[in-house]
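Engineer: Take a look at this one; I'll ask things after.
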Amino acid sequence: MKKTIILATLVIATCVCILFACKKNQPSPASNEAMASKNPSLRINAVTCNFVDLTGTLTTQTLSASNVYRLNGIVIVPSGQTLTIPAGTVIQGVQSSTNPAWLVIEKGGKLIATGTAGSPIVFTSNQPAGSRNPGDWGGIAFAGNAPTNVTSLSIPLKTPATSYNLVGGGSTPADNSGKLQYVQILFAGKANSTDPLAQSGLILNSVGTGTAIDHIQVSNSLNDGIATYGGTVKQTFMVSYNAGRTDFPISFGYEGIMQTLAAMRLNNSAVPPSNAYGFEISNNARTTSTATPLTQPIISNATVLGPNHCSGTTVSSNYIAAVHFRLNGAAKFYNSVFDAWNTSATQAGLLMDDAGSIAQTASNNLEFSYNSFSNSGATPYSIGSLSWTGSGGCSTSLPVWITGAGTSTCKEAGNQFSVTTLGYDGSFCNDFCSSGFTSNFVLGTTTLSAPNFTWDTGSAFNHVTYRGAFGSTDFTQSWTNWCAQNTAYCL
């Protein structure tokens, strides 16, 4: 029988904006109802603890929201089989340091996971409230038949003995791996592998446009948030919150479109295990390559908040840039907002420290227009120690290209380098675990410039009236969880 339960009240003052510092006590029914009356959007439906284990290779089946499912090790949906998960279902990855849980959808397999705004599907740790940690389990990994720029893209989720490789790639741009909609992926990002490609809460390997991916929240991933390697799949309304490393790594010939993306890092005391970025874009993440298809996503309306967005204090030097182009990577970035990447001389809003990527500007394979930098220093862009002209960049210098000066046909337009009033609501910096918290991630009075969609000649994007991911309504309300550490999923 379903009962209503919501997030617990924190009493530890140091839990401001740090999800994994929340109190371990379970909420009482009285406190649940008190919080619900203040904050109905944060209700979740809890079921009795009817645990059902999922292991090994699955056959076609439909789960039930009346159960709580546990992933043990690598659980596979193979070719020809379909796993259907209804709205409101909770799936827990069993914590393991040697055999982390994964849900893997192989080539030809399908996952139909369709939550709703009021009843999202939750993938989380099997640890009790207050004891969950980033990397308790692996995550969700898709392998499709859409094109990539290597013969076969193999990602080792588990090595060396009894290994498992996620193999994607093919010749079907419209390949269909199913649906992933209104889904939370929490405390994931663990792989029994040293390959960085295997260390994301959500991995999309060669996934095609026939697959629906939207309204996804990846929170507290041990390493990366949402990784896209090859393929063509469209992604919209995607949130990476407090990722341990990079929010959106993109590589291996991904050519899809992405709109309304939020990368939020409010844990200013975190120390990433290696260099961390909002977006890291390469043509081949393992080596320098000119292979085609070129990695060239079209991205509009992203917001990347630096880790000092709320505090303004110095953070780990491993935080490098909001957007990083490397290893011949390219993309077309429009109407996006990059805030608070200015706490050290090595930080930049935009970093292009690769000659191959710089050269992509001359052919318009790499475009960066109608974007806004806030609290990112007087010069929020850098090419490191490289020579712009020596690398074959558009026009005479990076400043000339990005500001739209001169007469070159490859110059950019509409970029804004000094936003005096960003205008994001104060709830961005609230204690997300407080009893009365209600997200209000909206844009108020702002000096952000207007967006521009003249480049979208095929009308593939929603022509919203604002730059960045946030406008007058909060697209994250009701289907996200900002204090998942304290949530009890069954009774």
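Following the order of the structure tokens, chains are lettered A, B, ..., residues in each are numbered from 1, and ligands are numbered from 1.
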Excluding A:Asn342 and its own-chain neighbours fewer than 2 positions away, which residues fall within 7 Å of it when counting only C-alpha atoms? Please give them as a list in words.

Structural biologist: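 Residues meeting the cut-off are Ala340, Ser344, Gln347, Ala348, Asn375, Ser376 and Gly377 of chain A.
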
Engineer: Can you spit out the residues from that selection as a short mmCIF file (atom, residue, chain, number, x, y, z; two decimals), in the first residue's frame, using N, CA and C atoms?

Structural biologist:
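Here's the written file again_33.cif:
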data_model
loop_
_atom_site.label_atom_id
_atom_site.label_comp_id
_atom_site.auth_asym_id
_atom_site.auth_seq_id
_atom_site.Cartn_x
_atom_site.Cartn_y
_atom_site.Cartn_z
N ALA A 340 30.76 32.19 -12.71
CA ALA A 340 31.62 31.92 -11.55
C ALA A 340 32.74 30.94 -11.84
N SER A 344 40.75 31.50 -9.85
CA SER A 344 42.21 31.36 -9.97
C SER A 344 42.61 31.77 -11.38
N GLN A 347 41.62 29.31 -14.20
CA GLN A 347 40.23 29.06 -14.56
C GLN A 347 39.79 29.95 -15.73
N ALA A 348 38.86 29.42 -16.52
CA ALA A 348 38.32 30.20 -17.64
C ALA A 348 36.91 29.73 -17.92
N ASN A 375 30.64 36.79 -13.78
CA ASN A 375 31.59 36.53 -12.70
C ASN A 375 32.72 35.61 -13.16
N SER A 376 33.23 35.87 -14.33
CA SER A 376 34.29 35.02 -14.88
C SER A 376 35.51 35.81 -15.29
N GLY A 377 35.71 36.98 -14.68
CA GLY A 377 36.90 37.76 -14.95
C GLY A 377 36.77 38.62 -16.19
#

Engineer: Enumerate, as a ChimeraX atom specification, the complete set of residues in stretch 225-309 of chain A that a backbone-based DSSP assignment places in strand (DSSP E).

Structural biologist: /A:225-229,235-241,248-251,257-264,276-281,298-305

Engineer: Which one is closest to A:Thr172: A:Gly130, A:Gly231, A:Gly201, A:Gly88? Count only C-alpha atoms.

Structural biologist: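 Using only C-alpha atoms, the shortest distance to A:Thr172 belongs to A:Gly231.
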
Engineer: May I have the residues within 10 Å of stretch 270-275 of chain A as an NGL selection string, using only C-alpha atoms and disregarding those fewer than 2 positions away in the same chain?

Structural biologist: :A and (18 or 222-223 or 242-246 or 265-268 or 277 or 307 or 315-321)

Engineer: Counting only C-alpha atoms, what is within 7 Å of A:Ser119, bar same-chain residues fewer than 3 positions away, as a ChimeraX atom specification?

Structural biologist: /A:87-88,115-116,479

Engineer: Return the single residue from A:Phe279, A:Phe428, A:Phe187, A:Tyr182 that is closest to A:Ile112, with distances computed using only C-alpha atoms.

Structural biologist: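 Of the candidates, the smallest distance to A:Ile112 is held by A:Tyr182.
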
Engineer: For A:Asn126, please output as a list in words all residues within 7 Å (counting only C-alpha atoms; exclusion window: fewer than 5 positions along the same chain).

Structural biologist: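 Here the qualifying residues turn out to be Gln92, Gly93, Val94 and Gln95 of chain A.
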
Engineer: Can you tell me how far atom CA of A:Ala117 sits from atom CA of A:Leu261, in Å to one decimal?

Structural biologist: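 So the two atoms, atom CA of A:Ala117 and atom CA of A:Leu261, lie 17.0 Å apart.
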
Engineer: Could you please determine the separation between atom CA of A:Val122 and atom CA of A:Thr487 in Å, to one decimal place?

Structural biologist: 11.1 Å

Engineer: DSSP on the backbone: which residues in stretch 181-383 of chain A end up as helix (DSSP H, G or I)? Give the answer as an MDAnalysis selection string.

Structural biologist: chainID A and resid 196:198 355:359

Engineer: Please dump the current selection as a JSON list (two decimals), in the first residue's frame; keep C-alpha atoms.

Structural biologist:
[["chain", "number", "residue", "atom", "x", "y", "z"],
["A", 196, "PRO", "CA", 37.48, 7.52, -17.44],
["A", 197, "LEU", "CA", 34.91, 6.73, -20.15],
["A", 198, "ALA", "CA", 33.32, 4.21, -17.77],
["A", 355, "ALA", "CA", 45.48, 23.38, -31.93],
["A", 356, "GLY", "CA", 43.07, 21.03, -33.69],
["A", 357, "SER", "CA", 40.06, 22.55, -31.95],
["A", 358, "ILE", "CA", 41.29, 26.08, -32.62],
["A", 359, "ALA", "CA", 41.57, 25.24, -36.32]]

Engineer: Which is closer to A:Tyr229 than all the others in A:Asn149, A:Thr209, A:Ser387, A:Asn301, using only C-alpha atoms?

Structural biologist: A:Asn149

Engineer: Separation of atom CA of A:Asn430 and atom CA of A:Val239, in Å?

Structural biologist: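 Computing the Euclidean distance for atom CA of A:Asn430 and atom CA of A:Val239 yields 17.6 Å.
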